>>> print(open('target_15.cif').read())   # mmCIF, C-alpha atoms
data_protein
#
loop_
_atom_site.label_atom_id
_atom_site.label_comp_id
_atom_site.auth_asym_id
_atom_site.auth_seq_id
_atom_site.Cartn_x
_atom_site.Cartn_y
_atom_site.Cartn_z
CA MET A 5 119.61 105.58 136.72
CA PRO A 6 116.21 103.85 136.89
CA GLY A 7 114.77 105.80 133.94
CA TYR A 8 112.14 107.64 136.00
CA GLU A 9 112.09 110.34 138.67
CA VAL A 10 110.60 110.08 142.15
CA LYS A 11 109.56 112.34 144.99
CA PHE A 12 108.99 111.86 148.70
CA GLN A 13 105.85 113.05 150.44
CA GLN A 14 103.91 112.74 153.67
CA VAL A 15 100.46 111.25 153.30
CA GLY A 16 98.04 111.88 156.15
CA VAL A 17 95.95 109.02 157.52
CA ALA A 18 92.80 110.03 159.42
CA GLY A 19 93.09 108.72 162.95
CA GLY A 20 96.65 107.45 162.48
CA ALA A 21 100.23 108.51 161.91
CA ASP A 22 101.28 109.95 158.55
CA LEU A 23 102.90 107.68 155.98
CA GLU A 24 106.20 108.58 154.33
CA ILE A 25 105.73 107.71 150.67
CA ARG A 26 108.10 107.44 147.72
CA SER A 27 106.08 108.03 144.56
CA LEU A 28 106.67 108.96 140.94
CA LEU A 29 107.50 112.63 140.44
CA ASP A 30 104.53 113.13 138.10
CA GLY A 31 102.19 111.38 135.71
CA GLN A 32 104.48 111.81 132.69
CA GLN A 33 106.96 109.11 133.65
CA TYR A 34 107.66 106.03 131.52
CA SER A 35 110.42 103.44 131.68
CA ASP A 36 110.05 99.90 130.42
CA PRO A 37 113.48 98.94 129.04
CA LEU A 38 112.89 95.19 129.30
CA GLY A 39 109.30 95.28 128.04
CA GLU A 40 107.94 93.88 131.30
CA ALA A 41 105.04 96.32 131.50
CA GLU A 42 104.14 95.88 127.84
CA ALA A 43 104.11 92.10 128.32
CA VAL A 44 101.32 92.35 130.90
CA GLY A 45 99.27 94.83 128.88
CA ILE A 46 100.40 98.13 130.47
CA SER A 47 100.57 100.92 127.88
CA PRO A 48 102.86 103.97 128.08
CA ALA A 49 99.81 106.09 128.96
CA THR A 50 98.83 103.89 131.92
CA TRP A 51 102.38 103.04 133.03
CA PRO A 52 102.71 105.87 135.63
CA LEU A 53 99.28 105.35 137.23
CA PHE A 54 100.61 102.88 139.83
CA GLY A 55 103.06 105.44 141.21
CA GLN A 56 100.64 108.26 142.06
CA VAL A 57 98.98 109.00 145.41
CA TRP A 58 95.32 108.91 144.34
CA PRO A 59 92.52 110.46 146.44
CA SER A 60 90.54 107.19 146.58
CA ALA A 61 93.63 105.33 147.78
CA ARG A 62 93.91 107.83 150.61
CA LYS A 63 90.25 107.27 151.51
CA LEU A 64 90.79 103.50 151.56
CA ALA A 65 93.81 103.96 153.83
CA ASP A 66 91.67 106.08 156.18
CA LEU A 67 89.04 103.34 156.25
CA MET A 68 91.60 100.63 157.02
CA GLN A 69 92.86 102.69 159.95
CA VAL A 70 89.52 102.25 161.74
CA ARG A 71 88.03 99.09 160.21
CA GLU A 72 87.84 95.99 162.36
CA LEU A 73 90.41 93.57 160.98
CA GLY A 74 89.96 90.56 163.25
CA GLY A 75 91.96 87.57 162.08
CA ARG A 76 90.82 87.90 158.48
CA ARG A 77 93.14 87.25 155.57
CA ILE A 78 93.13 90.47 153.51
CA LEU A 79 94.07 91.15 149.88
CA GLU A 80 94.54 94.59 148.33
CA ILE A 81 93.92 94.50 144.58
CA GLY A 82 95.52 96.96 142.16
CA CYS A 83 97.46 98.26 145.14
CA GLY A 84 99.71 100.78 143.32
CA LEU A 85 101.62 102.40 146.18
CA ALA A 86 99.68 100.21 148.65
CA LEU A 87 98.70 102.91 151.15
CA ALA A 88 95.90 100.75 152.60
CA SER A 89 98.16 97.71 152.87
CA LEU A 90 100.77 99.77 154.72
CA VAL A 91 98.12 100.92 157.21
CA ILE A 92 96.83 97.37 157.76
CA HIS A 93 100.38 96.05 158.10
CA ARG A 94 101.16 98.76 160.64
CA ARG A 95 98.11 97.56 162.61
CA LEU A 96 99.49 93.98 162.48
CA GLY A 97 96.79 92.77 160.10
CA ASP A 98 97.29 89.79 157.79
CA VAL A 99 97.49 91.56 154.43
CA THR A 100 98.84 90.74 150.97
CA ALA A 101 99.34 93.57 148.47
CA SER A 102 98.90 92.79 144.78
CA ASP A 103 99.34 94.55 141.46
CA CYS A 104 100.38 93.69 137.91
CA HIS A 105 102.85 96.56 137.49
CA PRO A 106 106.47 95.35 137.43
CA LEU A 107 107.61 98.18 139.72
CA ALA A 108 104.88 97.93 142.38
CA SER A 109 106.84 95.58 144.63
CA ARG A 110 109.97 97.73 144.35
CA PHE A 111 108.12 100.86 145.46
CA LEU A 112 106.38 98.88 148.21
CA ASN A 113 109.71 97.72 149.64
CA ALA A 114 111.07 101.27 149.53
CA ASN A 115 108.04 102.59 151.41
CA LEU A 116 108.25 99.85 154.02
CA LEU A 117 111.79 101.01 154.77
CA LEU A 118 110.72 104.66 154.91
CA ASN A 119 108.07 103.80 157.53
CA ASP A 120 110.27 101.39 159.56
CA LEU A 121 107.97 98.47 158.78
CA PRO A 122 108.96 94.83 158.28
CA GLU A 123 108.47 92.86 155.07
CA LEU A 124 104.91 92.80 153.73
CA LYS A 125 103.52 89.97 151.59
CA TYR A 126 103.23 90.82 147.89
CA GLN A 127 101.88 88.80 144.97
CA THR A 128 101.35 89.52 141.29
CA GLY A 129 97.67 90.19 140.71
CA ASN A 130 96.77 90.45 137.04
CA TRP A 131 92.97 90.38 136.79
CA ALA A 132 93.04 88.98 133.25
CA ARG A 133 95.30 86.05 134.17
CA SER A 134 95.10 83.30 136.76
CA ASN A 135 97.36 83.10 139.80
CA PRO A 136 96.36 79.91 141.65
CA LEU A 137 99.18 80.39 144.16
CA LEU A 138 97.50 83.57 145.44
CA GLY A 139 94.81 81.60 147.29
CA GLU A 140 91.59 82.83 148.90
CA PHE A 141 90.88 85.80 151.15
CA ASP A 142 88.21 86.79 153.68
CA LEU A 143 88.42 90.51 152.84
CA ILE A 144 89.38 91.99 149.47
CA ILE A 145 89.92 95.75 149.20
CA GLY A 146 90.68 98.20 146.41
CA SER A 147 90.43 101.85 145.37
CA ASP A 148 89.66 103.45 141.99
CA VAL A 149 89.92 100.11 140.19
CA LEU A 150 87.13 100.59 137.61
CA TYR A 151 88.66 103.15 135.26
CA GLU A 152 88.65 101.03 132.07
CA ARG A 153 85.68 99.35 130.37
CA SER A 154 87.29 95.91 130.64
CA HIS A 155 87.76 96.15 134.39
CA PRO A 156 84.28 95.25 135.70
CA GLY A 157 84.20 91.78 134.12
CA GLN A 158 87.88 91.03 134.67
CA LEU A 159 87.87 92.16 138.28
CA ALA A 160 84.64 90.38 139.21
CA GLY A 161 86.06 87.16 137.80
CA PHE A 162 89.32 87.64 139.68
CA ILE A 163 87.47 88.33 142.93
CA GLN A 164 85.21 85.32 142.48
CA PHE A 165 88.28 83.10 142.14
CA HIS A 166 90.14 84.56 145.13
CA ALA A 167 87.32 85.31 147.60
CA ALA A 168 86.61 82.79 150.35
CA PRO A 169 83.10 81.24 150.45
CA VAL A 170 82.25 83.78 153.17
CA ALA A 171 83.85 87.04 152.09
CA GLU A 172 83.60 90.83 152.08
CA VAL A 173 84.82 93.15 149.35
CA LEU A 174 85.36 96.88 149.92
CA ILE A 175 85.95 99.19 146.96
CA VAL A 176 86.37 102.97 147.24
CA ASP A 177 85.19 104.33 143.91
CA PRO A 178 85.26 108.00 142.76
CA ASN A 179 81.91 107.63 140.95
CA ARG A 180 83.33 105.93 137.86
CA SER A 181 80.85 105.16 135.09
CA ASN A 182 81.88 101.49 135.06
CA ARG A 183 80.51 100.99 138.57
CA SER A 184 77.09 99.79 137.36
CA ALA A 185 78.59 97.05 135.19
CA PHE A 186 80.75 95.90 138.08
CA ASN A 187 77.75 95.80 140.41
CA LYS A 188 75.93 93.52 137.96
CA ALA A 189 78.96 91.24 137.57
CA MET A 190 79.38 90.96 141.35
CA ALA A 191 75.67 90.16 141.77
CA LEU A 192 76.08 87.29 139.30
CA ALA A 193 79.00 86.08 141.43
CA GLY A 194 76.69 85.89 144.46
CA PHE A 195 77.59 89.13 146.24
CA SER A 196 75.05 91.52 147.76
CA LEU A 197 75.81 95.24 147.64
CA THR A 198 75.63 98.16 150.04
CA GLU A 199 76.63 101.61 148.70
CA THR A 200 77.63 104.44 151.04
CA PRO A 201 78.35 107.96 149.71
CA ILE A 202 81.70 109.47 150.70
CA ASP A 203 81.79 113.26 150.68
CA THR A 204 84.07 114.13 153.59
CA PRO A 205 87.31 115.95 152.66
CA LEU A 206 90.67 114.22 152.61
CA ASP A 207 92.97 114.52 155.60
CA ASP A 208 94.61 117.62 154.06
CA GLY A 209 91.23 119.30 153.49
CA SER A 210 90.99 118.54 149.76
CA PRO A 211 87.40 117.81 148.64
CA TYR A 212 86.42 114.26 147.76
CA ARG A 213 83.27 112.69 146.37
CA GLY A 214 82.83 108.99 145.79
CA ARG A 215 81.28 105.83 147.17
CA LEU A 216 82.19 102.92 149.37
CA LEU A 217 80.99 99.76 147.63
CA GLN A 218 80.59 96.93 150.13
CA TYR A 219 79.91 93.49 148.68
CA CYS A 220 79.18 90.50 150.91
CA ARG A 221 78.82 86.80 150.17
CA GLY A 222 77.79 84.03 152.53
#
>>> encode(input="target_15.cif", output="structure tokens")
Amino acid sequence: MPGYEVKFQQVGVAGGADLEIRSLLDGQQYSDPLGEAEAVGISPATWPLFGQVWPSARKLADLMQVRELGGRRILEIGCGLALASLVIHRRLGDVTASDCHPLASRFLNANLLLNDLPELKYQTGNWARSNPLLGEFDLIIGSDVLYERSHPGQLAGFIQFHAAPVAEVLIVDPNRSNRSAFNKAMALAGFSLTETPIDTPLDDGSPYRGRLLQYCRG
């Protein structure tokens, strides 16, 4: 037994086919028998966050269904269940999913199989630690990644290291209070900002309110 319980659900994607997703049964799960999560700074309270289908992640997946991909190299940060990466991969985009949770890649592989998709590139992405092998990307995307006070500085530094000289960053944010600090940190890194309110319901009709933060450099 893996030490946690899962469920299977259909996640609608506006303008595209549904995704079949294996997620954690609920937000009360915790299993870290080898101490892998603790070693990278994941507490028992935050351990199950990666395995939930979050509203902002669904909005980012919707956006990636219609966004022009071109030949850009794309990185999803804090991917969790990687809904947006699955959509991009299904559209034959060049995407790498990243997270620091020790189970993220395992759930990603399970969901690739559920959706009859081939292998998708995955790399460890811990914002507080360097990963020089990750390289640089033309487009960096994320959803609901500013929920702790330490995130704005850590994430801006991580993005600065892994963004190409000419790069775009798209963050779907559910109006978190740390957004202002992140905007300032990204400005110092040379990125200009465009904010667009998001108030359209989710694909299943559930209400949503947030913002699309678009940062551009070069």
>>> residues_near_point(input="target_15.cif", point="(90.9, 94.1, 160.3)", cutoff="10 Å", atoms="only C-alpha atoms", output="number ranges by chain")
A: 68-78, 92-93, 95-99, 143
>>> residues_around(input="target_15.cif", residues="A:Gly45", least_positions_apart="6", cutoff="10 Å", atoms="only C-alpha atoms", output="list in words")
Trp51, Cys104, His105, Asn130 and Ala132 of chain A
>>> residues_around(input="target_15.cif", residues="A:Leu28", least_positions_apart="3", cutoff="12 Å", atoms="only C-alpha atoms", output="ChimeraX atom specification")
/A:6-13,25,31-35,51-58,84-85,107-108,111
>>> residues_near_point(input="target_15.cif", point="(81.4, 97.5, 149.2)", cutoff="12 Å", atoms="only C-alpha atoms", output="PyMOL selection string")
chain A and resi 64+67+143-147+171-177+183+186-187+190-191+195-201+215-221
>>> write_last_selection(input="target_15.cif", atoms="C-alpha atoms", output="mmCIF file, in the frame of the given file")
data_model
loop_
_atom_site.group_PDB
_atom_site.id
_atom_site.type_symbol
_atom_site.label_atom_id
_atom_site.label_comp_id
_atom_site.auth_asym_id
_atom_site.auth_seq_id
_atom_site.Cartn_x
_atom_site.Cartn_y
_atom_site.Cartn_z
ATOM 1 C CA LEU A 64 90.790 103.500 151.560
ATOM 2 C CA LEU A 67 89.040 103.340 156.250
ATOM 3 C CA LEU A 143 88.420 90.510 152.840
ATOM 4 C CA ILE A 144 89.380 91.990 149.470
ATOM 5 C CA ILE A 145 89.920 95.750 149.200
ATOM 6 C CA GLY A 146 90.680 98.200 146.410
ATOM 7 C CA SER A 147 90.430 101.850 145.370
ATOM 8 C CA ALA A 171 83.850 87.040 152.090
ATOM 9 C CA GLU A 172 83.600 90.830 152.080
ATOM 10 C CA VAL A 173 84.820 93.150 149.350
ATOM 11 C CA LEU A 174 85.360 96.880 149.920
ATOM 12 C CA ILE A 175 85.950 99.190 146.960
ATOM 13 C CA VAL A 176 86.370 102.970 147.240
ATOM 14 C CA ASP A 177 85.190 104.330 143.910
ATOM 15 C CA ARG A 183 80.510 100.990 138.570
ATOM 16 C CA PHE A 186 80.750 95.900 138.080
ATOM 17 C CA ASN A 187 77.750 95.800 140.410
ATOM 18 C CA MET A 190 79.380 90.960 141.350
ATOM 19 C CA ALA A 191 75.670 90.160 141.770
ATOM 20 C CA PHE A 195 77.590 89.130 146.240
ATOM 21 C CA SER A 196 75.050 91.520 147.760
ATOM 22 C CA LEU A 197 75.810 95.240 147.640
ATOM 23 C CA THR A 198 75.630 98.160 150.040
ATOM 24 C CA GLU A 199 76.630 101.610 148.700
ATOM 25 C CA THR A 200 77.630 104.440 151.040
ATOM 26 C CA PRO A 201 78.350 107.960 149.710
ATOM 27 C CA ARG A 215 81.280 105.830 147.170
ATOM 28 C CA LEU A 216 82.190 102.920 149.370
ATOM 29 C CA LEU A 217 80.990 99.760 147.630
ATOM 30 C CA GLN A 218 80.590 96.930 150.130
ATOM 31 C CA TYR A 219 79.910 93.490 148.680
ATOM 32 C CA CYS A 220 79.180 90.500 150.910
ATOM 33 C CA ARG A 221 78.820 86.800 150.170
#
>>> closest_residue(input="target_15.cif", among="A:Asn179, A:Ser210, A:Ser102, A:Gln158", to="A:Leu138", atoms="only C-alpha atoms")
A:Ser102
>>> resolve_selection(input="target_15.cif", expression="the PyMOL selection byres ((chain A and resi 90) around 12)", output="VMD selection string")
chain A and resid 15 17 20 to 25 61 to 62 64 to 66 68 to 69 79 to 80 83 to 89 91 to 101 111 to 126
>>> closest_residue(input="target_15.cif", among="A:Gly214, A:Gly222, A:Pro48, A:Gly19", to="A:Ala167", atoms="only C-alpha atoms")
A:Gly222
>>> atom_distance(input="target_15.cif", atom1="atom CA of A:Pro169", atom2="atom CA of A:Leu137")
17.3 Å
>>> atom_distance(input="target_15.cif", atom1="atom CA of A:Tyr212", atom2="atom CA of A:Pro59")
7.3 Å
>>> atom_distance(input="target_15.cif", atom1="atom CA of A:Leu38", atom2="atom CA of A:Pro156")
29.3 Å
>>> closest_residue(input="target_15.cif", among="A:Thr204, A:Ser47, A:Ser181, A:Ser109", to="A:Thr128", atoms="all atoms listed in the file")
A:Ser109
>>> decode(input="target_15.cif", residues="stretch 171-191 of chain A", atoms="N, CA, C and O atoms", output="short mmCIF file (atom, residue, chain, number, x, y, z; two decimals), in the first residue's frame")
data_model
loop_
_atom_site.label_atom_id
_atom_site.label_comp_id
_atom_site.auth_asym_id
_atom_site.auth_seq_id
_atom_site.Cartn_x
_atom_site.Cartn_y
_atom_site.Cartn_z
N ALA A 171 11.81 36.31 -22.83
CA ALA A 171 10.95 35.30 -22.20
C ALA A 171 9.62 35.90 -21.77
O ALA A 171 9.49 37.11 -21.54
N GLU A 172 8.64 35.01 -21.64
CA GLU A 172 7.30 35.36 -21.14
C GLU A 172 6.99 34.45 -19.96
O GLU A 172 7.34 33.26 -19.98
N VAL A 173 6.35 35.02 -18.96
CA VAL A 173 5.92 34.25 -17.79
C VAL A 173 4.44 34.48 -17.59
O VAL A 173 3.98 35.63 -17.57
N LEU A 174 3.67 33.40 -17.45
CA LEU A 174 2.23 33.48 -17.25
C LEU A 174 1.87 32.79 -15.94
O LEU A 174 2.13 31.60 -15.77
N ILE A 175 1.29 33.55 -15.02
CA ILE A 175 0.88 33.02 -13.72
C ILE A 175 -0.61 33.27 -13.54
O ILE A 175 -1.07 34.41 -13.64
N VAL A 176 -1.37 32.22 -13.28
CA VAL A 176 -2.78 32.38 -12.90
C VAL A 176 -2.84 32.41 -11.38
O VAL A 176 -2.45 31.44 -10.72
N ASP A 177 -3.28 33.53 -10.84
CA ASP A 177 -3.24 33.76 -9.40
C ASP A 177 -4.64 34.07 -8.86
O ASP A 177 -5.32 34.96 -9.38
N PRO A 178 -5.09 33.35 -7.82
CA PRO A 178 -6.43 33.59 -7.26
C PRO A 178 -6.44 34.75 -6.25
O PRO A 178 -6.98 34.61 -5.15
N ASN A 179 -5.84 35.88 -6.66
CA ASN A 179 -5.81 37.10 -5.84
C ASN A 179 -5.13 36.88 -4.48
O ASN A 179 -5.63 37.34 -3.44
N ARG A 180 -3.99 36.22 -4.50
CA ARG A 180 -3.22 36.01 -3.28
C ARG A 180 -2.59 37.34 -2.83
O ARG A 180 -2.22 38.17 -3.65
N SER A 181 -2.44 37.50 -1.53
CA SER A 181 -1.89 38.75 -0.99
C SER A 181 -0.41 38.91 -1.30
O SER A 181 0.12 40.03 -1.23
N ASN A 182 0.28 37.82 -1.64
CA ASN A 182 1.71 37.90 -1.94
C ASN A 182 1.98 38.35 -3.37
O ASN A 182 3.15 38.44 -3.77
N ARG A 183 0.94 38.63 -4.12
CA ARG A 183 1.11 39.01 -5.53
C ARG A 183 1.92 40.30 -5.68
O ARG A 183 2.79 40.41 -6.55
N SER A 184 1.67 41.29 -4.81
CA SER A 184 2.35 42.57 -4.92
C SER A 184 3.86 42.42 -4.73
O SER A 184 4.66 43.01 -5.48
N ALA A 185 4.26 41.62 -3.76
CA ALA A 185 5.69 41.39 -3.52
C ALA A 185 6.33 40.69 -4.71
O ALA A 185 7.47 40.98 -5.09
N PHE A 186 5.61 39.78 -5.32
CA PHE A 186 6.13 39.07 -6.48
C PHE A 186 6.28 40.01 -7.67
O PHE A 186 7.27 39.96 -8.40
N ASN A 187 5.29 40.89 -7.84
CA ASN A 187 5.38 41.87 -8.93
C ASN A 187 6.63 42.73 -8.80
O ASN A 187 7.33 43.01 -9.78
N LYS A 188 6.93 43.16 -7.58
CA LYS A 188 8.11 43.99 -7.35
C LYS A 188 9.39 43.21 -7.63
O LYS A 188 10.34 43.73 -8.24
N ALA A 189 9.43 41.95 -7.19
CA ALA A 189 10.62 41.13 -7.42
C ALA A 189 10.82 40.86 -8.90
O ALA A 189 11.96 40.85 -9.39
N MET A 190 9.75 40.66 -9.65
CA MET A 190 9.86 40.42 -11.09
C MET A 190 10.29 41.68 -11.82
O MET A 190 11.03 41.63 -12.81
N ALA A 191 9.83 42.84 -11.35
CA ALA A 191 10.25 44.11 -11.95
C ALA A 191 11.76 44.30 -11.79
O ALA A 191 12.46 44.74 -12.72
#
